[in-house]
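Student: Below is the file target.cif, with mmCIF, C-alpha atoms and all ligand atoms.
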data_protein
loop_
_atom_site.label_atom_id
_atom_site.label_comp_id
_atom_site.auth_asym_id
_atom_site.auth_seq_id
_atom_site.Cartn_x
_atom_site.Cartn_y
_atom_site.Cartn_z
CA ALA A 1 13.70 -25.43 -4.56
CA ALA A 2 12.57 -24.30 -8.01
CA LYS A 3 8.98 -23.23 -8.08
CA GLY A 4 8.22 -22.80 -11.74
CA ASP A 5 8.40 -25.10 -14.71
CA ALA A 6 9.11 -23.04 -17.78
CA GLY A 7 9.11 -26.16 -19.94
CA THR A 8 5.43 -25.82 -20.78
CA THR A 9 5.94 -22.57 -22.67
CA ARG A 10 8.95 -23.71 -24.69
CA PRO A 11 9.02 -25.28 -28.14
CA THR A 12 9.29 -29.08 -28.09
CA LYS A 13 12.93 -29.06 -29.23
CA MET A 14 13.78 -27.30 -25.97
CA GLN A 15 12.26 -29.94 -23.76
CA VAL A 16 14.10 -31.04 -20.67
CA SER A 17 14.98 -34.64 -19.90
CA ASP A 18 14.49 -36.39 -16.55
CA GLU A 19 18.17 -37.28 -16.61
CA VAL A 20 20.36 -35.31 -14.22
CA ALA A 21 23.37 -33.62 -15.81
CA VAL A 22 24.76 -31.77 -12.79
CA GLN A 23 23.93 -32.17 -9.15
CA MET A 24 25.30 -30.14 -6.26
CA VAL A 25 24.23 -31.24 -2.79
CA ASP A 26 24.98 -29.05 0.25
CA VAL A 27 28.16 -27.79 -1.33
CA ASN A 28 30.35 -25.63 0.88
CA LYS A 29 33.65 -24.06 0.01
CA TRP A 30 36.15 -21.95 1.83
CA PHE A 31 39.03 -19.84 0.56
CA GLY A 32 41.16 -20.08 3.69
CA GLU A 33 38.93 -18.68 6.43
CA PHE A 34 36.48 -17.16 3.99
CA HIS A 35 33.29 -19.18 3.58
CA VAL A 36 32.60 -18.51 -0.10
CA LEU A 37 29.87 -21.10 -0.87
CA ARG A 38 27.21 -21.97 1.68
CA ASP A 39 25.00 -25.03 1.25
CA ILE A 40 24.63 -24.79 -2.51
CA ASN A 41 21.95 -27.18 -3.77
CA LEU A 42 21.47 -27.28 -7.50
CA THR A 43 20.10 -29.97 -9.80
CA VAL A 44 20.36 -29.39 -13.52
CA HIS A 45 18.60 -31.80 -15.86
CA ARG A 46 19.80 -32.62 -19.34
CA GLY A 47 18.57 -29.94 -21.73
CA GLU A 48 18.02 -27.38 -19.00
CA ARG A 49 19.30 -23.83 -19.33
CA ILE A 50 20.14 -22.16 -16.06
CA VAL A 51 21.05 -18.51 -15.66
CA ILE A 52 22.89 -17.48 -12.49
CA CYS A 53 22.94 -13.82 -11.54
CA GLY A 54 23.81 -11.84 -8.44
CA PRO A 55 26.09 -9.11 -7.18
CA SER A 56 29.82 -9.13 -7.78
CA GLY A 57 31.59 -11.36 -5.25
CA SER A 58 28.49 -13.44 -4.48
CA GLY A 59 30.15 -16.72 -5.54
CA LYS A 60 28.74 -17.21 -9.06
CA SER A 61 32.09 -17.94 -10.72
CA THR A 62 33.22 -20.13 -7.84
CA THR A 63 30.02 -22.16 -8.12
CA ILE A 64 30.43 -22.97 -11.79
CA ARG A 65 34.18 -23.43 -11.48
CA CYS A 66 33.47 -26.17 -8.93
CA ILE A 67 31.47 -28.03 -11.60
CA ASN A 68 34.59 -28.73 -13.66
CA ARG A 69 36.87 -28.74 -10.64
CA LEU A 70 38.72 -25.56 -11.45
CA GLU A 71 37.98 -25.09 -7.76
CA ASP A 72 37.56 -27.84 -5.18
CA HIS A 73 34.84 -27.92 -2.55
CA GLN A 74 35.36 -28.93 1.07
CA LYS A 75 31.90 -30.18 2.00
CA GLY A 76 28.96 -31.66 0.16
CA LYS A 77 28.73 -33.53 -3.11
CA ILE A 78 29.02 -32.64 -6.79
CA VAL A 79 28.03 -35.18 -9.44
CA VAL A 80 28.49 -34.39 -13.13
CA ASP A 81 27.10 -36.76 -15.72
CA GLY A 82 27.03 -39.53 -13.11
CA ILE A 83 30.61 -38.97 -11.97
CA GLU A 84 31.22 -37.70 -8.46
CA LEU A 85 33.97 -35.09 -8.20
CA THR A 86 36.54 -36.08 -5.60
CA ASP A 87 40.36 -35.89 -5.55
CA ASP A 88 40.41 -38.72 -8.09
CA LEU A 89 42.29 -37.14 -11.01
CA LYS A 90 41.03 -39.69 -13.51
CA LYS A 91 37.46 -38.74 -12.70
CA ILE A 92 38.29 -35.04 -12.83
CA ASP A 93 39.70 -35.55 -16.34
CA GLU A 94 36.61 -37.50 -17.31
CA VAL A 95 34.34 -34.70 -16.15
CA ARG A 96 36.41 -32.03 -17.85
CA ARG A 97 36.17 -33.88 -21.15
CA GLU A 98 32.38 -33.62 -20.98
CA VAL A 99 32.07 -30.07 -19.70
CA GLY A 100 32.84 -27.06 -21.88
CA MET A 101 33.64 -23.72 -20.33
CA VAL A 102 33.63 -20.23 -21.78
CA PHE A 103 35.18 -17.44 -19.73
CA GLN A 104 34.78 -13.70 -19.66
CA HIS A 105 38.25 -13.22 -21.16
CA PHE A 106 38.09 -15.87 -23.92
CA ASN A 107 41.34 -17.59 -22.79
CA LEU A 108 42.38 -18.56 -26.31
CA PHE A 109 45.99 -19.63 -26.88
CA PRO A 110 47.52 -16.49 -28.41
CA HIS A 111 50.33 -18.29 -30.22
CA LEU A 112 48.02 -20.75 -31.99
CA THR A 113 45.77 -20.01 -34.95
CA ILE A 114 42.01 -20.08 -34.55
CA LEU A 115 41.93 -23.51 -36.22
CA GLU A 116 44.73 -24.82 -33.97
CA ASN A 117 42.94 -23.49 -30.89
CA CYS A 118 39.93 -25.57 -31.94
CA THR A 119 41.79 -28.77 -32.82
CA LEU A 120 44.24 -28.93 -29.90
CA ALA A 121 42.02 -30.71 -27.37
CA PRO A 122 40.29 -33.04 -29.86
CA ILE A 123 43.72 -34.18 -31.13
CA TRP A 124 45.48 -34.48 -27.76
CA VAL A 125 42.65 -35.39 -25.42
CA ARG A 126 40.28 -37.27 -27.74
CA LYS A 127 43.13 -38.69 -29.89
CA MET A 128 41.28 -37.60 -33.00
CA PRO A 129 43.13 -37.67 -36.34
CA LYS A 130 44.20 -34.13 -37.31
CA LYS A 131 42.16 -34.07 -40.52
CA LYS A 132 38.98 -35.11 -38.76
CA ALA A 133 39.59 -32.56 -35.98
CA GLU A 134 40.02 -29.83 -38.61
CA GLU A 135 36.79 -30.81 -40.33
CA ILE A 136 34.91 -30.61 -37.05
CA ALA A 137 36.58 -27.31 -36.18
CA MET A 138 35.55 -25.81 -39.53
CA HIS A 139 32.01 -27.06 -38.94
CA TYR A 140 31.75 -25.18 -35.65
CA LEU A 141 33.62 -22.11 -36.89
CA THR A 142 31.06 -21.96 -39.69
CA ARG A 143 28.32 -22.31 -37.15
CA VAL A 144 29.59 -19.32 -35.14
CA LYS A 145 29.93 -17.51 -38.48
CA ILE A 146 33.70 -17.01 -38.71
CA PRO A 147 35.11 -19.82 -40.90
CA GLU A 148 37.13 -17.23 -42.83
CA GLN A 149 39.15 -16.44 -39.66
CA ALA A 150 40.48 -19.99 -39.27
CA ASN A 151 44.10 -19.22 -40.11
CA LYS A 152 44.39 -15.99 -38.17
CA TYR A 153 45.64 -15.58 -34.61
CA PRO A 154 43.38 -14.54 -31.71
CA GLY A 155 45.00 -11.09 -31.49
CA GLN A 156 43.81 -10.34 -35.03
CA LEU A 157 40.15 -10.85 -34.12
CA SER A 158 37.64 -8.60 -32.36
CA GLY A 159 36.48 -9.51 -28.87
CA GLY A 160 33.16 -10.79 -30.17
CA GLN A 161 34.90 -12.96 -32.74
CA GLN A 162 37.33 -14.32 -30.14
CA GLN A 163 34.47 -15.22 -27.84
CA ARG A 164 32.73 -17.04 -30.70
CA VAL A 165 35.97 -18.96 -31.30
CA ALA A 166 36.02 -19.86 -27.60
CA ILE A 167 32.50 -21.26 -27.93
CA ALA A 168 33.38 -23.14 -31.13
CA ARG A 169 36.48 -24.54 -29.45
CA SER A 170 34.37 -25.92 -26.62
CA LEU A 171 31.84 -27.40 -29.02
CA CYS A 172 34.62 -29.28 -30.85
CA MET A 173 34.87 -31.50 -27.78
CA ASN A 174 31.17 -32.35 -28.07
CA PRO A 175 30.46 -31.41 -24.46
CA LYS A 176 27.43 -32.63 -22.56
CA VAL A 177 27.26 -29.46 -20.50
CA MET A 178 28.38 -25.92 -21.28
CA LEU A 179 29.35 -23.47 -18.56
CA PHE A 180 29.48 -19.77 -19.37
CA ASP A 181 31.03 -17.25 -16.99
CA GLU A 182 29.91 -13.76 -18.00
CA PRO A 183 30.79 -14.42 -21.65
CA THR A 184 29.67 -10.98 -22.84
CA SER A 185 30.73 -8.72 -19.99
CA ALA A 186 34.13 -7.90 -21.47
CA LEU A 187 32.68 -7.09 -24.90
CA ASP A 188 31.80 -3.80 -26.52
CA PRO A 189 28.02 -3.37 -26.80
CA GLU A 190 27.90 -3.97 -30.54
CA MET A 191 29.53 -7.38 -30.11
CA ILE A 192 27.32 -8.67 -27.34
CA LYS A 193 24.47 -9.65 -29.63
CA GLU A 194 26.61 -11.75 -31.96
CA VAL A 195 27.75 -13.85 -28.98
CA LEU A 196 24.29 -14.07 -27.41
CA ASP A 197 22.86 -15.17 -30.78
CA VAL A 198 25.26 -18.13 -30.79
CA MET A 199 24.24 -18.98 -27.22
CA VAL A 200 20.54 -18.79 -28.07
CA GLY A 201 21.16 -21.13 -31.01
CA LEU A 202 22.87 -23.62 -28.70
CA ALA A 203 20.00 -23.42 -26.24
CA GLU A 204 17.47 -24.07 -29.00
CA GLU A 205 19.37 -27.17 -30.01
CA GLY A 206 18.98 -28.56 -26.51
CA MET A 207 22.43 -27.97 -25.03
CA THR A 208 22.54 -28.18 -21.25
CA MET A 209 23.78 -24.76 -20.21
CA ILE A 210 24.68 -23.03 -16.97
CA CYS A 211 25.30 -19.37 -17.66
CA VAL A 212 26.49 -16.71 -15.29
CA THR A 213 25.27 -13.56 -16.97
CA HIS A 214 23.49 -10.31 -16.34
CA GLU A 215 21.96 -10.36 -19.81
CA MET A 216 18.39 -10.54 -18.63
CA GLY A 217 16.99 -10.51 -22.17
CA PHE A 218 18.88 -13.75 -22.76
CA ALA A 219 17.56 -15.14 -19.46
CA ARG A 220 13.98 -14.32 -20.47
CA GLN A 221 14.42 -15.83 -23.89
CA VAL A 222 16.06 -19.17 -23.09
CA ALA A 223 16.37 -19.90 -19.37
CA ASN A 224 14.26 -22.56 -17.69
CA ARG A 225 15.35 -21.16 -14.39
CA VAL A 226 17.03 -18.04 -13.10
CA ILE A 227 19.04 -18.37 -9.91
CA PHE A 228 19.93 -15.41 -7.75
CA MET A 229 23.01 -15.70 -5.54
CA ASP A 230 24.14 -13.40 -2.78
CA ALA A 231 26.91 -13.83 -0.21
CA GLY A 232 27.66 -17.41 -1.25
CA GLN A 233 24.08 -18.62 -1.11
CA ILE A 234 21.31 -19.34 -3.55
CA VAL A 235 18.77 -16.83 -2.28
CA GLU A 236 16.01 -17.43 -4.79
CA GLN A 237 15.25 -19.27 -8.01
CA ASN A 238 12.31 -19.35 -10.34
CA GLU A 239 11.27 -19.56 -13.97
CA PRO A 240 12.18 -16.28 -15.69
CA HIS A 241 8.78 -14.64 -15.91
CA ALA A 242 8.03 -15.10 -12.22
CA PHE A 243 11.60 -14.30 -11.27
CA PHE A 244 11.51 -10.91 -12.96
CA THR A 245 7.92 -9.92 -12.25
CA ASP A 246 7.51 -11.30 -8.76
CA PRO A 247 10.82 -11.59 -6.89
CA GLN A 248 10.30 -12.76 -3.33
CA HIS A 249 13.35 -11.60 -1.45
CA GLU A 250 14.42 -8.07 -0.68
CA ARG A 251 17.95 -8.78 -1.89
CA THR A 252 16.61 -10.00 -5.25
CA LYS A 253 14.39 -6.95 -5.59
CA LEU A 254 17.29 -4.64 -4.83
CA PHE A 255 19.54 -6.43 -7.33
CA LEU A 256 16.92 -6.36 -10.07
CA SER A 257 16.20 -2.68 -9.45
CA GLN A 258 19.89 -2.00 -10.01
CA ILE A 259 20.33 -3.92 -13.26
CA LEU A 260 16.98 -3.61 -15.06
P1 LIG B 301 31.31 -13.65 -8.48
O1 LIG B 301 31.66 -14.49 -9.66
O2 LIG B 301 29.90 -13.78 -8.04
O3 LIG B 301 31.68 -12.20 -8.69
P2 LIG B 301 33.42 -15.15 -7.18
O4 LIG B 301 32.92 -16.53 -7.16
O5 LIG B 301 34.43 -14.80 -8.23
O6 LIG B 301 32.17 -14.13 -7.24
O7 LIG B 301 34.06 -14.76 -5.79
C1 LIG B 301 33.35 -14.91 -4.59
C2 LIG B 301 34.20 -14.40 -3.45
O8 LIG B 301 35.33 -15.22 -3.29
C3 LIG B 301 34.73 -12.99 -3.65
O9 LIG B 301 34.71 -12.33 -2.40
C4 LIG B 301 36.14 -13.20 -4.11
O10 LIG B 301 36.95 -12.12 -3.75
C5 LIG B 301 36.53 -14.46 -3.39
N1 LIG B 301 37.49 -15.24 -4.14
C6 LIG B 301 37.36 -15.68 -5.41
N2 LIG B 301 38.41 -16.41 -5.79
C7 LIG B 301 39.26 -16.45 -4.73
C8 LIG B 301 40.52 -17.06 -4.49
N3 LIG B 301 41.14 -17.80 -5.41
N4 LIG B 301 41.08 -16.87 -3.26
C9 LIG B 301 40.46 -16.14 -2.31
N5 LIG B 301 39.27 -15.55 -2.47
C10 LIG B 301 38.66 -15.70 -3.66
MG MG B 302 32.45 -13.96 -11.50
#
Just give me the structure of the file as structure tokens.
Tutor:
Amino acid sequence: AAKGDAGTTRPTKMQVSDEVAVQMVDVNKWFGEFHVLRDINLTVHRGERIVICGPSGSGKSTTIRCINRLEDHQKGKIVVDGIELTDDLKKIDEVRREVGMVFQHFNLFPHLTILENCTLAPIWVRKMPKKKAEEIAMHYLTRVKIPEQANKYPGQLSGGQQQRVAIARSLCMNPKVMLFDEPTSALDPEMIKEVLDVMVGLAEEGMTMICVTHEMGFARQVANRVIFMDAGQIVEQNEPHAFFTDPQHERTKLFLSQIL
């Protein structure tokens, strides 16, 4: 279980609610014979910002992909915003409407403009009038500092700009939880900061965030909790200061010595 409570050192606007946003109880998953997730227990409260790190292949992506059912689990329970994820497609849709996800490789629709990328789901999933959807899209594109790119296509933008579009696109759905899967690891160094700045802004506004990232500066700055995974298990978790200065497990120490 989590040892620290970073909440005491954070500004009031970053306070965490008692309400549970995401709960994973004894979650196990197999890919065929391969036991990829082992007894994952994770409770994320509304307003919390979780960073997940760990070696490649440790199950970080699979864990967060289970939260919006991009992957299914075979054992245990996952509850998102009060809805338990089962085979019930209606519930899966409901959860996906509330959970935004940003991937390493942006996953924008290449044949749609930036504006159309942002309005597609609000129009088709939320049944929002086009004009309203465009207003909201321009609001978030302004917020990620690229309103002037609205009528271009993804291929005309830099990686950092495309990733900011991906974040804006998620925000247009007004998600309750945002999942990030190594959002900066495909970016050139000079573009990493512009994406992290947007993520820090979101965190400061109280967004519930679960971020797989090895950006430890980001973790120090905004995370309530850092979780270390290895071989499909949560090995250790703590508030950032303690996590970085006083890791308990050998595997965590080894990992930190390799990335810091
Ligand atoms: P991480 O994000 O920590 O690098 P992943 O969650 O992507 O790790 O993968 C965990 C393990 O599961 C890896 O060994 C990977 O090869 C395997 N894996 C991931 N996706 C699949 C899949 N669709 N089918 C089979 N094995 C998979
Ligand atoms: Mg991954």
Student: Show which residues sit within 7 Å of stretch 185-189 of chain A, as a list in words. Count all atoms listed in the file, and ignore same-chain residues fewer than 4 positions away.
Tutor: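 Result of the neighbour search: Gln104, His105, Gly159 and Gly160 of chain A.
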Student: Please compute the atom CA of A:Val222-atom CA of A:Val200 distance, one decimal, in Å.
Tutor: 6.7 Å
Student: Could you give me the residues within 10 Å of ligand MG 302 (chain B), counting only C-alpha atoms and all ligand atoms, as a list of chain:residue names?
Tutor: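 If we count only C-alpha atoms and all ligand atoms, the neighbours of ligand MG 302 (chain B) turn out to be A:Cys53, A:Gly54, A:Pro55, A:Ser56, A:Gly57, A:Ser58, A:Gly59, A:Lys60, A:Ser61, A:Thr62, A:Thr63, A:Ile64, A:Arg65, A:Phe103, A:Gln104, A:Asp181, A:Glu182, A:Val212, A:Thr213.
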Student: Could you give me, as a ChimeraX atom specification, the residues within 10 Å of A:Pro247, counting all atoms listed in the file and dropping anything in the same chain fewer than 6 positions from it?
Tutor: /A:228,236-238,241,253-254,256
Student: Quick one: write out the picked residues with C-alpha atoms as a PDB file, in the frame of the given file?
Tutor:
ATOM      1  CA  PHE A 228      19.930 -15.410  -7.750  1.00  0.00           C
ATOM      2  CA  GLU A 236      16.010 -17.430  -4.790  1.00  0.00           C
ATOM      3  CA  GLN A 237      15.250 -19.270  -8.010  1.00  0.00           C
ATOM      4  CA  ASN A 238      12.310 -19.350 -10.340  1.00  0.00           C
ATOM      5  CA  HIS A 241       8.780 -14.640 -15.910  1.00  0.00           C
ATOM      6  CA  LYS A 253      14.390  -6.950  -5.590  1.00  0.00           C
ATOM      7  CA  LEU A 254      17.290  -4.640  -4.830  1.00  0.00           C
ATOM      8  CA  LEU A 256      16.920  -6.360 -10.070  1.00  0.00           C
TER       9      LEU A 256
END
Student: Got a sec: who's within 7 Å of A:Ile50, counting all atoms listed in the file, leaving out chain neighbours fewer than 3 positions off, as a ChimeraX atom specification?
Tutor: /A:209-211,223-226
Student: Do you know which residues are at most 10 Å from A:Glu135 counting all atoms listed in the file, after dropping those on the same chain fewer than 4 positions away, and could you put them as a list in words?
Tutor: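 Within the cut-off, the hits are Leu115, Thr119, Lys130, Lys131, His139, Tyr140, Leu141 and Cys172 of chain A.
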Student: Counting only C-alpha atoms and all ligand atoms, which of A:Ile234, A:Val22, A:Leu89, A:Leu260 gets nearest to ligand LIG 301 (chain B)?
Tutor: A:Ile234
Student: Point out the residue among A:Pro183, A:Ile114, A:Pro175, A:His35 with the least atom-to-atom distance to ligand LIG 301 (chain B), counting only C-alpha atoms and all ligand atoms.
Tutor: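 Closest to ligand LIG 301 (chain B) of all the choices is A:His35.
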